[in-house]
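Undergrad: Structure file target07.cif (mmCIF, C-alpha atoms) is given on the next line.
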data_final
#
loop_
_atom_site.label_atom_id
_atom_site.label_comp_id
_atom_site.auth_asym_id
_atom_site.auth_seq_id
_atom_site.Cartn_x
_atom_site.Cartn_y
_atom_site.Cartn_z
CA MET A 1 124.41 123.97 132.12
CA LYS A 2 123.82 120.21 132.21
CA ASN A 3 120.46 120.70 130.57
CA LEU A 4 122.14 122.30 127.58
CA LEU A 5 123.66 118.95 126.72
CA LYS A 6 120.16 117.58 126.31
CA VAL A 7 119.35 119.99 123.51
CA VAL A 8 121.96 118.64 121.10
CA VAL A 9 119.52 116.66 119.02
CA GLY A 10 117.12 119.55 118.88
CA LEU A 11 119.88 121.79 117.63
CA LEU A 12 120.54 119.37 114.82
CA CYS A 13 117.18 120.31 113.43
CA LEU A 14 118.29 123.85 112.75
CA VAL A 15 120.55 123.15 109.80
CA GLY A 16 120.88 125.36 106.77
CA VAL A 17 118.93 124.70 103.61
CA ALA A 18 118.44 126.75 100.49
CA HIS A 19 115.24 128.76 100.60
CA ALA A 20 113.35 129.77 97.49
CA GLU A 21 110.63 131.12 99.77
CA LEU A 22 109.96 131.49 103.47
CA VAL A 23 109.47 128.06 105.01
CA ALA A 24 107.31 127.67 108.12
CA PRO A 25 109.55 127.07 111.16
CA ASP A 26 108.15 123.67 112.05
CA VAL A 27 108.29 122.54 108.43
CA LEU A 28 111.92 123.66 108.22
CA ILE A 29 112.81 121.63 111.30
CA LYS A 30 110.86 118.56 110.26
CA SER A 31 112.18 118.52 106.69
CA THR A 32 115.84 118.63 107.73
CA VAL A 33 116.08 116.64 110.94
CA ASP A 34 116.17 113.17 109.38
CA GLU A 35 118.96 114.07 106.99
CA VAL A 36 121.15 115.64 109.66
CA LEU A 37 120.59 112.93 112.23
CA THR A 38 121.69 110.41 109.61
CA ILE A 39 124.90 112.37 109.06
CA VAL A 40 125.70 112.43 112.76
CA ARG A 41 124.92 108.76 113.23
CA GLN A 42 127.27 107.86 110.40
CA ASP A 43 130.08 110.28 111.24
CA LYS A 44 132.49 108.41 113.49
CA ASP A 45 134.72 111.48 113.87
CA ILE A 46 131.91 113.49 115.44
CA GLN A 47 130.97 110.60 117.71
CA ALA A 48 134.60 110.26 118.75
CA GLY A 49 134.73 113.94 119.73
CA ASN A 50 136.66 115.46 116.82
CA GLN A 51 136.40 119.09 117.97
CA LYS A 52 137.49 120.61 114.67
CA LYS A 53 134.88 118.71 112.72
CA ILE A 54 132.17 119.30 115.32
CA LEU A 55 132.91 123.03 115.41
CA ALA A 56 132.75 123.25 111.63
CA MET A 57 129.37 121.54 111.67
CA VAL A 58 128.01 123.78 114.42
CA GLU A 59 129.26 126.90 112.66
CA SER A 60 127.79 126.00 109.29
CA LYS A 61 124.64 124.11 110.22
CA VAL A 62 123.41 125.41 113.58
CA LEU A 63 124.59 128.93 114.34
CA PRO A 64 123.19 130.66 111.24
CA HIS A 65 119.71 129.99 112.62
CA PHE A 66 120.27 131.87 115.89
CA ASP A 67 119.85 135.58 116.54
CA PHE A 68 122.69 136.00 119.01
CA VAL A 69 122.25 139.74 119.38
CA HIS A 70 118.64 139.29 120.48
CA MET A 71 119.60 136.37 122.74
CA THR A 72 122.34 138.44 124.38
CA GLN A 73 120.01 141.40 124.79
CA LEU A 74 117.52 139.21 126.62
CA ALA A 75 120.22 137.63 128.79
CA VAL A 76 121.76 140.98 129.74
CA GLY A 77 118.32 142.44 130.44
CA LYS A 78 117.92 146.05 131.51
CA HIS A 79 121.68 146.63 131.41
CA TRP A 80 121.65 146.29 127.63
CA ARG A 81 120.34 149.84 127.32
CA ALA A 82 123.39 151.18 129.15
CA ALA A 83 125.87 149.32 126.96
CA THR A 84 127.65 151.14 124.15
CA PRO A 85 127.49 149.73 120.60
CA THR A 86 131.03 148.40 121.05
CA GLN A 87 130.12 146.73 124.33
CA ARG A 88 126.98 145.21 122.81
CA GLN A 89 129.02 143.76 119.97
CA ALA A 90 131.57 142.31 122.40
CA LEU A 91 128.86 140.85 124.64
CA ALA A 92 127.10 139.17 121.72
CA SER A 93 130.40 137.79 120.41
CA GLU A 94 131.48 136.31 123.75
CA PHE A 95 128.00 134.95 124.50
CA ARG A 96 128.01 133.29 121.09
CA ASN A 97 131.44 131.79 121.75
CA MET A 98 130.27 130.46 125.10
CA LEU A 99 127.28 128.73 123.55
CA VAL A 100 129.47 127.31 120.78
CA ARG A 101 131.68 125.70 123.43
CA THR A 102 128.64 124.16 125.07
CA TYR A 103 127.20 122.85 121.82
CA THR A 104 130.44 121.29 120.61
CA LYS A 105 130.58 119.34 123.86
CA ALA A 106 126.95 118.35 123.47
CA PHE A 107 127.53 116.76 120.07
CA THR A 108 129.95 114.25 121.62
CA VAL A 109 127.19 112.76 123.80
CA TYR A 110 124.78 112.11 120.93
CA ARG A 111 123.98 108.44 120.47
CA ASP A 112 120.46 107.19 119.79
CA GLN A 113 118.14 110.09 120.59
CA ALA A 114 115.28 110.98 118.26
CA VAL A 115 113.27 114.18 117.88
CA GLU A 116 109.52 114.60 117.65
CA ILE A 117 108.35 117.94 116.25
CA LYS A 118 104.92 119.03 117.41
CA PRO A 119 102.46 120.40 114.82
CA LEU A 120 102.39 124.19 114.70
CA LYS A 121 99.45 126.42 113.87
CA LEU A 122 101.07 129.42 112.22
CA ALA A 123 99.07 132.58 111.68
CA ALA A 124 99.69 134.33 108.37
CA ASP A 125 100.89 137.49 110.10
CA ALA A 126 102.91 135.78 112.85
CA THR A 127 106.36 137.21 113.55
CA GLU A 128 107.14 135.16 116.68
CA VAL A 129 106.31 131.51 117.32
CA THR A 130 107.15 128.67 119.67
CA VAL A 131 108.18 125.44 118.00
CA LYS A 132 107.71 122.58 120.44
CA THR A 133 109.80 119.44 120.19
CA THR A 134 110.52 116.41 122.32
CA ILE A 135 113.81 114.55 122.54
CA ASN A 136 113.21 110.85 123.00
CA LYS A 137 115.78 108.30 124.11
CA PRO A 138 115.07 104.63 124.78
CA GLY A 139 114.76 103.97 128.50
CA ALA A 140 114.64 107.66 129.44
CA SER A 141 111.89 110.19 130.01
CA PRO A 142 111.07 112.49 127.07
CA ILE A 143 112.76 115.89 127.22
CA PRO A 144 110.65 118.85 126.04
CA VAL A 145 112.61 121.50 124.16
CA ASN A 146 110.86 124.60 122.86
CA TYR A 147 112.34 127.03 120.37
CA GLU A 148 111.31 130.66 120.55
CA MET A 149 111.64 131.91 116.99
CA GLU A 150 111.21 135.25 115.25
CA LYS A 151 110.78 136.08 111.59
CA ILE A 152 113.62 138.21 110.30
CA SER A 153 113.41 139.22 106.66
CA ASP A 154 113.03 135.94 104.73
CA SER A 155 113.97 133.48 107.48
CA TRP A 156 113.14 132.33 111.00
CA LYS A 157 115.72 132.71 113.77
CA VAL A 158 115.92 131.27 117.29
CA PHE A 159 116.22 133.83 120.08
CA ASP A 160 115.65 131.54 123.08
CA LEU A 161 115.46 127.88 124.05
CA THR A 162 113.35 126.44 126.82
CA ILE A 163 114.58 123.07 128.05
CA GLU A 164 112.35 121.20 130.49
CA GLY A 165 110.63 124.48 131.29
CA VAL A 166 113.83 126.48 131.85
CA SER A 167 114.62 129.37 129.51
CA LEU A 168 118.22 129.55 128.32
CA VAL A 169 118.44 133.34 128.34
CA THR A 170 116.62 133.64 131.65
CA SER A 171 119.00 131.18 133.28
CA TYR A 172 121.92 133.45 132.39
CA ARG A 173 120.20 136.72 133.27
CA GLY A 174 120.72 136.45 137.03
CA THR A 175 124.40 135.56 136.68
CA PHE A 176 125.01 138.35 134.19
CA ALA A 177 123.16 140.88 136.36
CA SER A 178 125.27 139.99 139.40
CA GLU A 179 128.47 140.27 137.39
CA ILE A 180 127.48 143.68 135.99
CA GLN A 181 126.45 144.90 139.45
CA GLU A 182 129.85 143.96 140.82
CA ARG A 183 132.19 144.68 137.93
CA GLY A 184 130.25 146.61 135.31
CA ILE A 185 129.54 145.70 131.70
CA ASP A 186 133.24 145.58 130.83
CA GLY A 187 133.72 143.22 133.75
CA LEU A 188 131.11 140.82 132.34
CA ILE A 189 132.76 140.98 128.93
CA LYS A 190 136.14 140.15 130.46
CA THR A 191 134.71 137.28 132.50
CA LEU A 192 133.13 135.72 129.41
CA SER A 193 136.27 136.34 127.36
CA ASP A 194 138.51 134.75 129.99
CA LYS A 195 136.28 131.68 130.27
CA ASN A 196 136.20 131.26 126.51
CA ALA A 197 139.97 131.66 126.20
CA ASN A 198 140.57 129.19 129.02
CA ALA A 199 138.26 126.66 127.38
CA VAL A 200 140.23 126.96 124.13
CA ASP A 201 143.51 126.42 125.98
CA VAL A 202 142.12 123.30 127.68
CA ALA A 203 140.87 121.92 124.37
CA LEU A 204 144.24 122.51 122.71
CA HIS A 205 146.04 120.87 125.64
CA LYS A 206 143.84 117.79 125.37
CA ALA A 207 144.41 117.65 121.62
CA ASP A 208 148.18 117.85 122.08
CA ALA A 209 148.07 115.11 124.70
CA LYS A 210 146.50 112.63 122.27
#
So that I can check it, write out the structure of this file as structure tokens.
TA:
Amino acid sequence: MKNLLKVVVGLLCLVGVAHAELVAPDVLIKSTVDEVLTIVRQDKDIQAGNQKKILAMVESKVLPHFDFVHMTQLAVGKHWRAATPTQRQALASEFRNMLVRTYTKAFTVYRDQAVEIKPLKLAADATEVTVKTTINKPGASPIPVNYEMEKISDSWKVFDLTIEGVSLVTSYRGTFASEIQERGIDGLIKTLSDKNANAVDVALHKADAK
């Protein structure tokens, strides 16, 4: 989970822009990163940890570029086939909420990182690509962050992140499999739901205490 905090700057690259035509994934990232990083650097509320403002930014700028159903399917693994449509919807929703909690925390640690986007050779018929980036911070070792992306209709969506060689969905797969083995799919849904609800309560308590 600690590694997820390192991906904050990379996530900033995935902001929404108007598309007249399909934009190559690396071009999309490169063309938007400077603008968004400038916003974060200048927004004192985000730097101070304003959860409401951070959440609004994550919801509008980051999350639309993720395919949470595909991410959840990969994280749940073979058990996805046994899940009902209702269970699949609940799993994807709770997994999304869990990642939102992580990302809102990650934005509060942003300071002076910068992102380098590696050139991408994109085949004309490609439907899946890996966009490689590096997060650089003065005095620290570069952090490689790769985005696994798929073409859906007229846009590219992220379905996995690899941070320092560790896949996000793979890192959850073992935990999810153990939970399902012990408590079933509904048990996993309840565990995720309880954790998300508890995190909201803690955040509200901290907000009230200020």
Undergrad: Would you mind reading off the distance between atom CA of Lys44 of chain A and atom CA of Lys137 of chain A, one decimal, in Å?
TA: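 Computing it gives 19.8 Å between the two atoms.
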Undergrad: Could you list as a list of chain:residue names every residue that has an atom within 10 Å of (113.5, 124.8, 131.5), using the file's coordinates and counting only C-alpha atoms?
TA: A:Asn3, A:Leu4, A:Ile143, A:Pro144, A:Val145, A:Asn146, A:Leu161, A:Thr162, A:Ile163, A:Glu164, A:Gly165, A:Val166, A:Ser167, A:Leu168, A:Thr170, A:Ser171
Undergrad: Please evaluate the PyMOL selection byres ((chain A and resi 190) around 12) against the structure above and give the resulting residues as a PyMOL selection string.
TA: chain A and resi 87+90-91+93-95+176+179-180+183-189+191-198
Undergrad: Figure out the distance between atom CA of Leu99 of chain A and atom CA of Phe159 of chain A, please, to one decimal in Å.
TA: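 Spanning atom CA of Phe159 of chain A to atom CA of Leu99 of chain A is a straight-line distance of 12.7 Å.
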Undergrad: List as an MDAnalysis selection string the protein and nucleic acid residues near Arg173 of chain A, meaning an atom at most 10 Å away when all atoms listed in the file are counted, but skip any in the same chain fewer than 6 places from it.
TA: chainID A and resid 72:78 167 179
Undergrad: Out of A:Pro64, A:Gly139, A:Pro119, A:Gly174, which residue has the shortest atom-to-atom distance to Asp26 of chain A when counting only C-alpha atoms?
TA: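 Result for the nearest residue to Asp26 of chain A: A:Pro119.
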Undergrad: Using atom CA of Val131 of chain A and atom CA of Gln42 of chain A as the two end points, give the distance in Å to one decimal.
TA: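 A separation of 27.0 Å between them.
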Undergrad: Would you please work out which residue, of A:Val58, A:Ala199, A:Ala123, A:Ala177, is nearest to Pro25 of chain A when using only C-alpha atoms?
TA: A:Ala123
Undergrad: Identify the residues within 6 Å of coordinate (105.0, 119.0, 122.3) (same frame as the file), considering all atoms listed in the file, and give the answer as an mmCIF file with C-alpha atoms, keeping the file's coordinate frame.
TA:
data_model
loop_
_atom_site.group_PDB
_atom_site.id
_atom_site.type_symbol
_atom_site.label_atom_id
_atom_site.label_comp_id
_atom_site.auth_asym_id
_atom_site.auth_seq_id
_atom_site.Cartn_x
_atom_site.Cartn_y
_atom_site.Cartn_z
ATOM 1 C CA LYS A 118 104.920 119.030 117.410
ATOM 2 C CA LYS A 132 107.710 122.580 120.440
ATOM 3 C CA THR A 133 109.800 119.440 120.190
#
Undergrad: Within 6 Å of Ile135 of chain A, counting all atoms listed in the file, which residues qualify if same-chain residues fewer than 5 places away don't, as a PyMOL selection string?
TA: chain A and resi 114-115+142-143
Undergrad: Written as a ChimeraX atom specification, which residues does the PyMOL selection byres ((chain A and resi 67) around 6) give for the file shown?
TA: /A:66,68-70,157-159
